[in-house]
Every structure is written in structure tokens, then in C-alpha cells.
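One file, final24.cif, carrying mmCIF, C-alpha atoms, pLDDT in the B column; chains and numbers go by the auth columns:
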```
data_target
#
loop_
_atom_site.group_PDB
_atom_site.id
_atom_site.type_symbol
_atom_site.label_atom_id
_atom_site.label_comp_id
_atom_site.label_asym_id
_atom_site.label_seq_id
_atom_site.Cartn_x
_atom_site.Cartn_y
_atom_site.Cartn_z
_atom_site.B_iso_or_equiv
_atom_site.auth_seq_id
_atom_site.auth_asym_id
ATOM 1 C CA MET A 1 3.617 8.175 0.863 51.00 1 A
ATOM 2 C CA GLU A 2 4.595 10.618 -1.863 64.00 2 A
ATOM 3 C CA GLU A 3 2.990 10.304 -5.289 74.00 3 A
ATOM 4 C CA SER A 4 5.308 9.434 -8.142 82.00 4 A
ATOM 5 C CA LEU A 5 5.812 11.984 -10.872 82.00 5 A
ATOM 6 C CA MET A 6 4.070 9.704 -13.372 83.00 6 A
ATOM 7 C CA ASP A 7 1.004 9.438 -11.101 86.00 7 A
ATOM 8 C CA ILE A 8 0.878 13.210 -10.786 86.00 8 A
ATOM 9 C CA ILE A 9 1.151 13.622 -14.560 84.00 9 A
ATOM 10 C CA GLU A 10 -1.657 11.095 -15.109 85.00 10 A
ATOM 11 C CA ARG A 11 -3.914 12.935 -12.661 86.00 11 A
ATOM 12 C CA MET A 12 -3.087 16.268 -14.246 87.00 12 A
ATOM 13 C CA GLU A 13 -3.868 14.877 -17.707 86.00 13 A
ATOM 14 C CA GLY A 14 -7.330 14.004 -16.376 86.00 14 A
ATOM 15 C CA LEU A 15 -7.897 17.631 -15.378 85.00 15 A
ATOM 16 C CA VAL A 16 -5.898 19.512 -17.994 85.00 16 A
ATOM 17 C CA PRO A 17 -6.179 17.950 -21.474 80.00 17 A
ATOM 18 C CA GLU A 18 -2.887 17.375 -23.294 79.00 18 A
ATOM 19 C CA TYR A 19 -0.840 18.150 -20.180 82.00 19 A
ATOM 20 C CA SER A 20 2.788 17.914 -21.319 82.00 20 A
ATOM 21 C CA TYR A 21 6.140 19.636 -21.016 78.00 21 A
ATOM 22 C CA SER A 22 7.836 17.672 -23.809 79.00 22 A
ATOM 23 C CA ASP A 23 8.656 20.596 -26.126 75.00 23 A
ATOM 24 C CA ILE A 24 8.313 24.362 -26.260 72.00 24 A
ATOM 25 C CA GLU A 25 4.866 24.298 -27.926 78.00 25 A
ATOM 26 C CA ASN A 26 3.575 21.888 -25.281 78.00 26 A
ATOM 27 C CA ILE A 27 5.071 23.993 -22.501 79.00 27 A
ATOM 28 C CA SER A 28 3.178 26.997 -23.817 79.00 28 A
ATOM 29 C CA SER A 29 -0.124 25.181 -24.367 83.00 29 A
ATOM 30 C CA THR A 30 0.123 23.377 -21.004 85.00 30 A
ATOM 31 C CA ASP A 31 0.847 26.679 -19.290 85.00 31 A
ATOM 32 C CA ARG A 32 -2.240 28.233 -20.881 85.00 32 A
ATOM 33 C CA ALA A 33 -4.357 25.161 -20.039 89.00 33 A
ATOM 34 C CA VAL A 34 -3.268 25.175 -16.377 90.00 34 A
ATOM 35 C CA LYS A 35 -3.986 28.896 -16.150 90.00 35 A
ATOM 36 C CA SER A 36 -7.376 28.374 -17.800 91.00 36 A
ATOM 37 C CA PHE A 37 -8.270 25.584 -15.369 92.00 37 A
ATOM 38 C CA LEU A 38 -7.210 27.684 -12.379 93.00 38 A
ATOM 39 C CA SER A 39 -9.080 30.725 -13.691 94.00 39 A
ATOM 40 C CA LYS A 40 -12.259 28.685 -14.027 94.00 40 A
ATOM 41 C CA GLN A 41 -11.901 27.336 -10.481 94.00 41 A
ATOM 42 C CA LEU A 42 -11.177 30.795 -9.097 94.00 42 A
ATOM 43 C CA ARG A 43 -14.098 32.382 -10.938 95.00 43 A
ATOM 44 C CA ASN A 44 -16.312 29.769 -9.269 93.00 44 A
ATOM 45 C CA ALA A 45 -14.740 30.619 -5.905 92.00 45 A
ATOM 46 C CA LYS A 46 -15.213 34.330 -6.551 92.00 46 A
ATOM 47 C CA ASP A 47 -18.882 33.762 -7.438 92.00 47 A
ATOM 48 C CA GLU A 48 -19.391 31.766 -4.235 89.00 48 A
ATOM 49 C CA MET A 49 -17.622 34.470 -2.259 90.00 49 A
ATOM 50 C CA PHE A 50 -19.897 37.077 -3.818 91.00 50 A
ATOM 51 C CA HIS A 51 -22.903 35.092 -2.570 88.00 51 A
ATOM 52 C CA VAL A 52 -21.318 34.912 0.888 86.00 52 A
ATOM 53 C CA VAL A 53 -20.803 38.697 0.909 87.00 53 A
ATOM 54 C CA GLN A 54 -24.323 39.336 -0.352 89.00 54 A
ATOM 55 C CA THR A 55 -25.944 36.902 2.086 86.00 55 A
ATOM 56 C CA SER A 56 -24.025 38.212 5.089 83.00 56 A
ATOM 57 C CA TYR A 57 -25.032 41.743 4.123 85.00 57 A
ATOM 58 C CA GLU A 58 -28.705 40.749 3.794 85.00 58 A
ATOM 59 C CA LEU A 59 -28.537 39.044 7.198 80.00 59 A
ATOM 60 C CA HIS A 60 -27.228 42.326 8.660 82.00 60 A
ATOM 61 C CA ARG A 61 -23.965 40.766 9.752 80.00 61 A
ATOM 62 C CA ASP A 62 -21.802 43.721 8.843 80.00 62 A
ATOM 63 C CA ARG A 63 -18.615 42.422 10.427 82.00 63 A
ATOM 64 C CA LEU A 64 -18.877 39.180 8.486 82.00 64 A
ATOM 65 C CA SER A 65 -19.783 41.021 5.306 85.00 65 A
ATOM 66 C CA GLU A 66 -16.731 43.281 5.539 87.00 66 A
ATOM 67 C CA ALA A 67 -14.391 40.372 6.236 86.00 67 A
ATOM 68 C CA ALA A 68 -15.870 38.375 3.352 88.00 68 A
ATOM 69 C CA GLU A 69 -15.542 41.357 1.047 91.00 69 A
ATOM 70 C CA ASP A 70 -11.790 41.526 1.767 92.00 70 A
ATOM 71 C CA VAL A 71 -11.446 37.881 0.741 92.00 71 A
ATOM 72 C CA TRP A 72 -13.482 38.548 -2.406 92.00 72 A
ATOM 73 C CA ASP A 73 -10.999 41.327 -3.267 94.00 73 A
ATOM 74 C CA ASP A 74 -8.096 38.924 -2.656 95.00 74 A
ATOM 75 C CA LEU A 75 -9.686 36.382 -5.003 95.00 75 A
ATOM 76 C CA SER A 76 -10.045 39.107 -7.640 95.00 76 A
ATOM 77 C CA ALA A 77 -6.353 39.962 -7.274 95.00 77 A
ATOM 78 C CA LEU A 78 -5.360 36.288 -7.577 95.00 78 A
ATOM 79 C CA LEU A 79 -7.454 35.916 -10.724 95.00 79 A
ATOM 80 C CA ALA A 80 -5.778 38.986 -12.197 94.00 80 A
ATOM 81 C CA ARG A 81 -2.349 37.609 -11.234 93.00 81 A
ATOM 82 C CA ILE A 82 -3.044 34.378 -13.091 91.00 82 A
ATOM 83 C CA ALA A 83 -4.393 36.212 -16.133 88.00 83 A
ATOM 84 C CA ASN A 84 -1.313 38.440 -16.255 86.00 84 A
ATOM 85 C CA SER A 85 1.325 35.829 -15.484 81.00 85 A
ATOM 86 C CA ARG A 86 4.068 35.508 -18.032 74.00 86 A
ATOM 87 C CA GLU A 87 4.308 32.379 -20.129 69.00 87 A
ATOM 88 C CA CYS A 88 6.710 30.751 -22.565 66.00 88 A
ATOM 89 C CA ASP A 89 6.146 32.070 -26.052 65.00 89 A
ATOM 90 C CA PRO A 90 6.992 29.535 -28.774 64.00 90 A
ATOM 91 C CA LYS A 91 7.040 32.419 -31.251 68.00 91 A
ATOM 92 C CA GLY A 92 9.834 34.105 -29.317 65.00 92 A
ATOM 93 C CA SER A 93 13.494 33.990 -30.225 66.00 93 A
ATOM 94 C CA ALA A 94 15.177 30.607 -30.581 69.00 94 A
ATOM 95 C CA GLU A 95 17.536 31.518 -27.745 72.00 95 A
ATOM 96 C CA HIS A 96 14.616 32.365 -25.437 67.00 96 A
ATOM 97 C CA CYS A 97 12.870 29.085 -26.279 70.00 97 A
ATOM 98 C CA GLU A 98 16.046 27.081 -25.740 76.00 98 A
ATOM 99 C CA LYS A 99 16.642 28.681 -22.337 75.00 99 A
ATOM 100 C CA CYS A 100 13.007 28.104 -21.387 75.00 100 A
ATOM 101 C CA MET A 101 13.203 24.443 -22.423 77.00 101 A
ATOM 102 C CA LYS A 102 16.425 23.928 -20.415 81.00 102 A
ATOM 103 C CA ARG A 103 14.854 25.466 -17.303 79.00 103 A
ATOM 104 C CA VAL A 104 11.789 23.248 -17.668 78.00 104 A
ATOM 105 C CA GLU A 105 13.893 20.116 -18.171 80.00 105 A
ATOM 106 C CA LYS A 106 16.011 21.010 -15.139 83.00 106 A
ATOM 107 C CA ASP A 107 13.044 21.698 -12.834 81.00 107 A
ATOM 108 C CA MET A 108 10.268 19.598 -14.423 83.00 108 A
ATOM 109 C CA GLY A 109 9.493 17.609 -11.274 85.00 109 A
ATOM 110 C CA ASN A 110 8.939 20.772 -9.246 87.00 110 A
ATOM 111 C CA ILE A 111 6.879 22.416 -11.992 87.00 111 A
ATOM 112 C CA ILE A 112 4.572 19.421 -12.222 88.00 112 A
ATOM 113 C CA ARG A 113 4.242 19.226 -8.437 90.00 113 A
ATOM 114 C CA ARG A 114 3.424 22.949 -8.271 90.00 114 A
ATOM 115 C CA ASP A 115 0.810 22.526 -10.980 91.00 115 A
ATOM 116 C CA ARG A 116 -0.746 19.717 -8.939 91.00 116 A
ATOM 117 C CA GLU A 117 -0.604 21.779 -5.730 93.00 117 A
ATOM 118 C CA LEU A 118 -2.280 24.725 -7.454 93.00 118 A
ATOM 119 C CA VAL A 119 -5.073 22.514 -8.753 92.00 119 A
ATOM 120 C CA LEU A 120 -5.562 20.844 -5.357 92.00 120 A
ATOM 121 C CA LYS A 121 -5.555 24.144 -3.468 94.00 121 A
ATOM 122 C CA ALA A 122 -8.145 25.630 -5.834 94.00 122 A
ATOM 123 C CA ASP A 123 -10.347 22.564 -5.318 92.00 123 A
ATOM 124 C CA GLU A 124 -9.902 22.593 -1.518 94.00 124 A
ATOM 125 C CA MET A 125 -10.640 26.305 -1.412 94.00 125 A
ATOM 126 C CA ASN A 126 -13.905 25.809 -3.312 92.00 126 A
ATOM 127 C CA ARG A 127 -14.967 23.077 -0.877 93.00 127 A
ATOM 128 C CA GLU A 128 -14.101 25.330 2.047 91.00 128 A
ATOM 129 C CA LEU A 129 -16.176 28.130 0.527 90.00 129 A
ATOM 130 C CA LEU A 130 -19.219 25.858 0.381 88.00 130 A
ATOM 131 C CA ARG A 131 -18.805 25.078 4.098 87.00 131 A
ATOM 132 C CA LEU A 132 -18.374 28.770 4.774 85.00 132 A
ATOM 133 C CA LYS A 133 -21.585 29.584 2.949 84.00 133 A
ATOM 134 C CA LYS A 134 -23.526 27.131 5.117 83.00 134 A
ATOM 135 C CA MET A 135 -22.157 28.725 8.305 81.00 135 A
ATOM 136 C CA LEU A 136 -23.854 32.008 7.517 78.00 136 A
ATOM 137 C CA PHE A 137 -27.211 30.528 8.400 76.00 137 A
ATOM 138 C CA GLU A 138 -26.120 29.095 11.752 76.00 138 A
ATOM 139 C CA LYS A 139 -26.363 31.399 14.742 73.00 139 A
ATOM 140 C CA GLY A 140 -23.324 31.621 16.981 75.00 140 A
ATOM 141 C CA ARG A 141 -20.862 30.533 14.275 73.00 141 A
ATOM 142 C CA GLU A 142 -19.379 33.970 13.630 76.00 142 A
ATOM 143 C CA LYS A 143 -15.959 33.133 15.081 78.00 143 A
ATOM 144 C CA GLN A 144 -15.836 29.923 13.069 83.00 144 A
ATOM 145 C CA PHE A 145 -16.865 31.875 9.971 82.00 145 A
ATOM 146 C CA ILE A 146 -13.994 34.344 10.444 83.00 146 A
ATOM 147 C CA LYS A 147 -11.584 31.472 11.087 85.00 147 A
ATOM 148 C CA ASN A 148 -12.653 29.816 7.833 86.00 148 A
ATOM 149 C CA LEU A 149 -12.222 33.112 5.987 90.00 149 A
ATOM 150 C CA ASP A 150 -8.638 33.048 7.234 91.00 150 A
ATOM 151 C CA LYS A 151 -8.275 29.570 5.690 92.00 151 A
ATOM 152 C CA ILE A 152 -9.418 30.973 2.352 93.00 152 A
ATOM 153 C CA LYS A 153 -6.881 33.802 2.671 94.00 153 A
ATOM 154 C CA THR A 154 -4.183 31.208 3.385 95.00 154 A
ATOM 155 C CA TYR A 155 -5.126 29.286 0.226 96.00 155 A
ATOM 156 C CA ILE A 156 -4.944 32.519 -1.762 95.00 156 A
ATOM 157 C CA ASP A 157 -1.514 33.412 -0.350 96.00 157 A
ATOM 158 C CA GLU A 158 -0.184 29.909 -0.990 96.00 158 A
ATOM 159 C CA MET A 159 -1.471 30.008 -4.554 95.00 159 A
ATOM 160 C CA HIS A 160 0.227 33.384 -5.143 94.00 160 A
ATOM 161 C CA ASP A 161 3.513 31.844 -3.947 94.00 161 A
ATOM 162 C CA LEU A 162 3.090 28.724 -6.090 94.00 162 A
ATOM 163 C CA ILE A 163 2.365 30.827 -9.175 92.00 163 A
ATOM 164 C CA GLU A 164 5.515 32.883 -8.544 91.00 164 A
ATOM 165 C CA GLN A 165 7.622 29.740 -8.070 90.00 165 A
ATOM 166 C CA ARG A 166 6.129 28.082 -11.135 87.00 166 A
ATOM 167 C CA GLU A 167 6.673 31.155 -13.287 85.00 167 A
ATOM 168 C CA HIS A 168 10.269 31.439 -12.082 84.00 168 A
ATOM 169 C CA SER A 169 10.941 27.759 -12.847 83.00 169 A
ATOM 170 C CA ILE A 170 9.651 28.123 -16.390 77.00 170 A
ATOM 171 C CA LEU A 171 10.807 31.621 -17.337 75.00 171 A
ATOM 172 C CA GLY A 172 13.686 32.266 -14.969 74.00 172 A
#
```
Kindly present the structure from the file in C-alpha cells form.
Amino acid sequence: MEESLMDIIERMEGLVPEYSYSDIENISSTDRAVKSFLSKQLRNAKDEMFHVVQTSYELHRDRLSEAAEDVWDDLSALLARIANSRECDPKGSAEHCEKCMKRVEKDMGNIIRRDRELVLKADEMNRELLRLKKMLFEKGREKQFIKNLDKIKTYIDEMHDLIEQREHSILG
């Protein structure tokens, strides 16, 4: 059963204070708040991934260390993408703000759903990283470790796509 838009908004308000797309100022502040929330989650994921890389290196599991390092780089790139993503500027021209507001009104349901997906994927990825970290200490779990690294890469790729779609819906 699909969540209603109002349920999604309520859940998002619990995670991102003052979550709203009601006017151009709220679009801008909500955009910054969503990006801030995601950045915090991804910095946590990056820190966990650093510990995975470091631990695998200390355990002399070079293959695992190299694979984990690639994912750490991907997390760094995703964090940079979020930090550098364009946002609605309420101090921009009136025409720009009006166009932005029309795009948001037209695609609000999708924007809100993408916000929710981004938040959920960041949370799921952090939980997966904790499982991954535990696998390092279990002998014979190397293949499972690599498979779970691929899951993290999938989360990262999906989040890149969602950010692009979200940005396009808001800014055109």
C-alpha cells in the first residue's frame, strides 16, 4: 500500500524541521534542510566506511580494503554532489522565482517522494554499513562482504539519480 502524500510530509517534518514547499522561501529553506540532513547521514556513512577500510587494511585483507576504498571514494563524490547541487534562490529574479514555484507546484508530489526516498536510502545504507563492518571479523565472509559493498554502491548510484531528478523538478 502506497503512503499518502500527507503521510510522507508528516514523516519528513519529523526528520527535517519546517519541511514545506508552500512558497519560494520555504522551497529554499527546505532544500537546504534536506541537503543538510543527507550530508549528515552521508558523513556518518563515510566515517563508517573509513573504519571498514582501516580495519580491512589492518586485518591484511587487501582485496577487501581496495574494494572498500572505492566505495569510500564514491561516498565522497556523493557528498560533494549534494554540497554543490543547485537550489532555488529566493533572492534571485522575480521571474526565476516564479518559474521555480510553478515547477514545484506542478511536480510537488514527485519532489516530496524523492525527498523521502533519499532519506530512506541514506538510512538503509547506514544500516547496511554497520552489517558490513561486522562481516570483517568473520572468516569466510569475503564474498558476502564484496556483495554488500555492491549494495552500498547501488544506494550511492540511486541517490545520485534521485538528486538529479529532484534538482530538475525544482530548477528545471
Legend entry - Interatomic distance (Å, one decimal) between atom CA of A:Thr30 and atom CA of A:Asp157: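 That distance, rounded to one decimal, is 23.0 Å.
Using all atoms listed in the file, the shortest contact distance between A:Ile24 and any of A:Ile170, A:Ile8, A:Leu42, A:Val53 is found at A:Ile170.
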Legend entry - Nearest to A:Lys133, chosen from A:Cys97, A:Ala68, A:Ala77, A:Leu120, with only C-alpha atoms counted in the distances: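 For A:Lys133, the nearest of the given residues is A:Ala68.
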Legend entry - Pick from A:Ala80, A:Leu136, A:Arg131, A:Val104 nearest to A:Gln54, counting all atoms listed in the file: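 Nearest candidate to A:Gln54 out of A:Ala80, A:Leu136, A:Arg131, A:Val104: A:Leu136.
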Inset, instruction - Please indicate the distance in Å from atom CA of A:Tyr155 to atom CA of A:Lys139, rounded to one decimal place. - result: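 Going from atom CA of A:Tyr155 over to atom CA of A:Lys139 covers 25.8 Å.
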Legend entry - Within 12 Å of A:Leu132 using all atoms listed in the file, minus same-chain residues under 6 positions, as a VMD selection string: chain A and resid 45 48 to 49 51 to 53 55 to 56 64 68 125 to 126 138 141 to 152
Legend entry - Nearby residues, (-1.6, 32.3, 0.4) file frame, 12 Å, only C-alpha atoms, as a ChimeraX atom specification: /A:71,74-75,77-78,118,121-122,125,150-164
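For the choices A:Ile112, A:Ala83, A:Cys100, A:Leu171, the atom-to-atom distance to A:Met12 is smallest for A:Ile112 when using only C-alpha atoms.
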Legend entry - atom CA of A:Glu117 to atom CA of A:His168, straight-line distance in Å: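 Between atom CA of A:His168 and atom CA of A:Glu117 the gap works out to 15.9 Å.
When all atoms listed in the file are used to measure the gap to A:Leu5, the shortest distance among A:Asp47, A:Glu69, A:Asp62, A:Asp115 belongs to A:Asp115.
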Inset, instruction - Go through A:Arg11, A:Arg127, A:Arg61, A:Arg86 one by one, measure the shortest atom-to-atom distance of each to A:Lys35 using all atoms listed in the file, and give the residue with the smallest value. - result: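 Distance minimum relative to A:Lys35 lands on A:Arg86.
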Legend entry - Output of the PyMOL selection byres ((chain A and resi 23) around 10), listed as a VMD selection string: chain A and resid 20 to 22 24 to 28 90 97 to 98 100 to 101 104 to 105
